[in-house]
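Structure data follow from my_file_6.txt (compact mmCIF, C-alpha atoms):
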# COMPACT_ATOMS: atom_id res chain seq x y z
CA MET A 246 42.27 -140.26 176.86
CA TRP A 247 40.46 -137.27 175.42
CA VAL A 248 39.88 -134.23 177.61
CA TRP A 249 36.13 -134.84 177.62
CA GLN A 250 36.74 -138.37 178.91
CA HIS A 251 38.47 -137.10 182.05
CA PRO A 252 36.50 -137.92 185.24
CA ASN A 253 36.39 -134.24 186.27
CA TRP A 254 35.16 -133.02 182.88
CA PRO A 255 34.32 -130.12 182.65
CA ASN A 256 35.05 -129.09 186.25
CA PHE A 257 38.82 -128.93 186.20
CA THR A 258 40.90 -127.39 188.96
CA PHE A 259 44.55 -126.44 189.19
CA ASP A 260 47.00 -125.21 191.77
CA PRO A 261 48.36 -121.79 190.74
CA ALA A 262 51.35 -122.25 193.08
CA ALA A 263 52.44 -125.22 190.95
CA PHE A 264 52.98 -122.83 188.02
CA ALA A 265 54.41 -119.87 189.93
CA GLY A 266 58.06 -120.62 189.12
CA ARG A 267 57.37 -121.11 185.44
CA VAL A 268 55.24 -117.98 185.23
CA GLU A 269 57.95 -115.93 186.93
CA ALA A 270 60.63 -117.33 184.59
CA PHE A 271 58.44 -116.52 181.60
CA HIS A 272 57.97 -112.92 182.77
CA ARG A 273 61.73 -112.45 183.27
CA ALA A 274 62.47 -113.82 179.80
CA ALA A 275 59.74 -111.66 178.25
CA GLU A 276 61.12 -108.54 179.94
CA ARG A 277 64.64 -109.28 178.66
CA LEU A 278 63.31 -109.83 175.15
CA SER A 279 61.26 -106.64 175.33
CA GLY A 280 64.32 -104.65 176.39
CA ARG A 281 66.37 -106.03 173.52
CA PHE A 282 63.56 -105.37 171.09
CA GLU A 283 63.16 -101.75 172.21
CA ALA A 284 66.88 -101.18 171.70
CA LEU A 285 66.50 -101.90 167.98
CA SER A 286 65.92 -99.14 165.43
CA ASP A 287 62.37 -98.80 164.09
CA ALA A 288 63.29 -100.56 160.84
CA TYR A 289 64.76 -103.53 162.69
CA GLN A 290 61.79 -103.62 165.06
CA THR A 291 59.45 -103.95 162.09
CA HIS A 292 61.64 -106.67 160.58
CA ALA A 293 61.71 -108.57 163.88
CA GLN A 294 57.93 -108.27 164.35
CA VAL A 295 57.27 -109.50 160.82
CA ALA A 296 59.64 -112.45 161.32
CA LEU A 297 58.02 -113.46 164.63
CA MET A 298 54.49 -113.05 163.35
CA LEU A 299 55.32 -114.91 160.14
CA SER A 300 56.46 -117.92 162.16
CA GLU A 301 53.37 -117.66 164.35
CA VAL A 302 50.96 -117.51 161.39
CA ILE A 303 52.62 -120.47 159.66
CA ALA A 304 52.72 -122.62 162.82
CA THR A 305 49.19 -121.76 163.93
CA SER A 306 47.80 -122.46 160.49
CA ALA A 307 49.68 -125.77 160.29
CA ILE A 308 48.02 -126.88 163.54
CA GLU A 309 44.69 -126.30 161.79
CA GLY A 310 45.84 -128.29 158.76
CA GLU A 311 46.41 -125.23 156.56
CA ASN A 312 49.71 -124.98 154.70
CA LEU A 313 50.12 -121.33 153.81
CA ASP A 314 52.64 -119.89 151.39
CA ARG A 315 55.34 -118.09 153.42
CA ASP A 316 55.83 -115.39 150.79
CA SER A 317 52.10 -114.59 150.72
CA VAL A 318 51.95 -114.38 154.52
CA ARG A 319 55.08 -112.23 154.66
CA SER A 320 53.75 -109.93 151.97
CA SER A 321 50.46 -109.56 153.81
CA LEU A 322 52.26 -108.80 157.09
CA LEU A 323 54.45 -106.18 155.44
CA ARG A 324 51.37 -104.43 154.07
CA HIS A 325 49.99 -104.23 157.62
CA PHE A 326 53.18 -102.46 158.64
CA GLY A 327 52.92 -100.02 155.75
CA GLU A 328 55.78 -101.53 153.79
CA VAL A 329 55.65 -101.37 150.02
CA VAL A 330 55.39 -104.87 148.67
CA GLY A 331 56.45 -105.75 145.16
CA ARG A 332 54.47 -108.00 142.89
CA HIS A 333 52.19 -110.11 145.03
CA GLN A 334 49.67 -112.82 144.31
CA HIS A 335 46.77 -112.41 146.74
CA ASP A 336 45.93 -115.43 148.91
CA ASP A 337 42.71 -115.08 150.92
CA ARG A 338 43.78 -117.74 153.43
CA ALA A 339 47.12 -116.02 154.09
CA ALA A 340 45.42 -112.62 154.32
CA GLY A 341 42.83 -113.95 156.79
CA ALA A 342 45.40 -115.64 159.03
CA THR A 343 47.57 -112.54 158.94
CA GLU A 344 44.62 -110.30 159.79
CA LEU A 345 43.85 -112.47 162.81
CA ILE A 346 47.42 -112.38 164.17
CA VAL A 347 47.75 -108.63 163.64
CA ASP A 348 44.42 -108.05 165.39
CA VAL A 349 45.48 -110.25 168.34
CA ARG A 350 48.76 -108.38 168.68
CA ARG A 351 47.16 -104.94 168.50
CA HIS A 352 44.23 -105.68 170.82
Would you write the structure of this file as structure tokens?
Amino acid sequence: MWVWQHPNWPNFTFDPAAFAGRVEAFHRAAERLSGRFEALSDAYQTHAQVALMLSEVIATSAIEGENLDRDSVRSSLLRHFGEVVGRHQHDDRAAGATELIVDVRRH
């Protein structure tokens, strides 16, 4: 069944209490991760952010049917963090996906 075939489409409802435990567990895990992240040196923080965002760009793009080159995405991310990147072949798709993820994270 597609979402638009649901009898309540588009007037869905949900019970926030049904998600309370999961939301609380997510917040606890996020706080632990944030604490660990902040304990890293600046260089390692940048490396960790690039690694996480790289995975996010690749996975999000794959959902949309785009198979991006990991090296191009990584290179584009590093440029956003002010890192000097060696020889790089520009890929507009990788640059666009990277720009989107960086913008989402910053805003």
Atom-to-atom span, CA of Tyr289 in chain A and CA of Ala275 in chain A, Å:
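Pair CA of Tyr289 in chain A / CA of Ala275 in chain A returns 18.3 Å.
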Provide the CA of Thr343 in chain A to CA of Leu322 in chain A distance in Å, to one decimal place.
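Going from CA of Thr343 in chain A over to CA of Leu322 in chain A, I get 6.3 Å.
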Between A:Ala262, A:Ala288, A:Val349, A:Ala339, which has the minimum distance to Asn312 in chain A (counting only C-alpha atoms)?
A:Ala339
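Nearest to Glu301 in chain A of all the residues A:Arg350, A:Arg267, A:Arg273, A:His251 is A:Arg350, based on all atoms listed in the file.
Closest approach to Gly341 in chain A among A:Val248, A:Val318, A:Leu297, A:Ala265: A:Val318, based on all atoms listed in the file.
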What gap, in Å, lies between CA of Glu344 in chain A and CA of Gly310 in chain A?
18.1 Å
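Proximity ranking of A:Glu328, A:Ser300, A:Arg315, A:Ala293 relative to Arg281 in chain A places A:Ala293 first, based on all atoms listed in the file.
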Polymer residues at most 10 Å from Phe326 in chain A, only C-alpha atoms, same-chain spacing of 5 or more positions, as a PyMOL selection string
chain A and resi 291-292+294-295+321+347
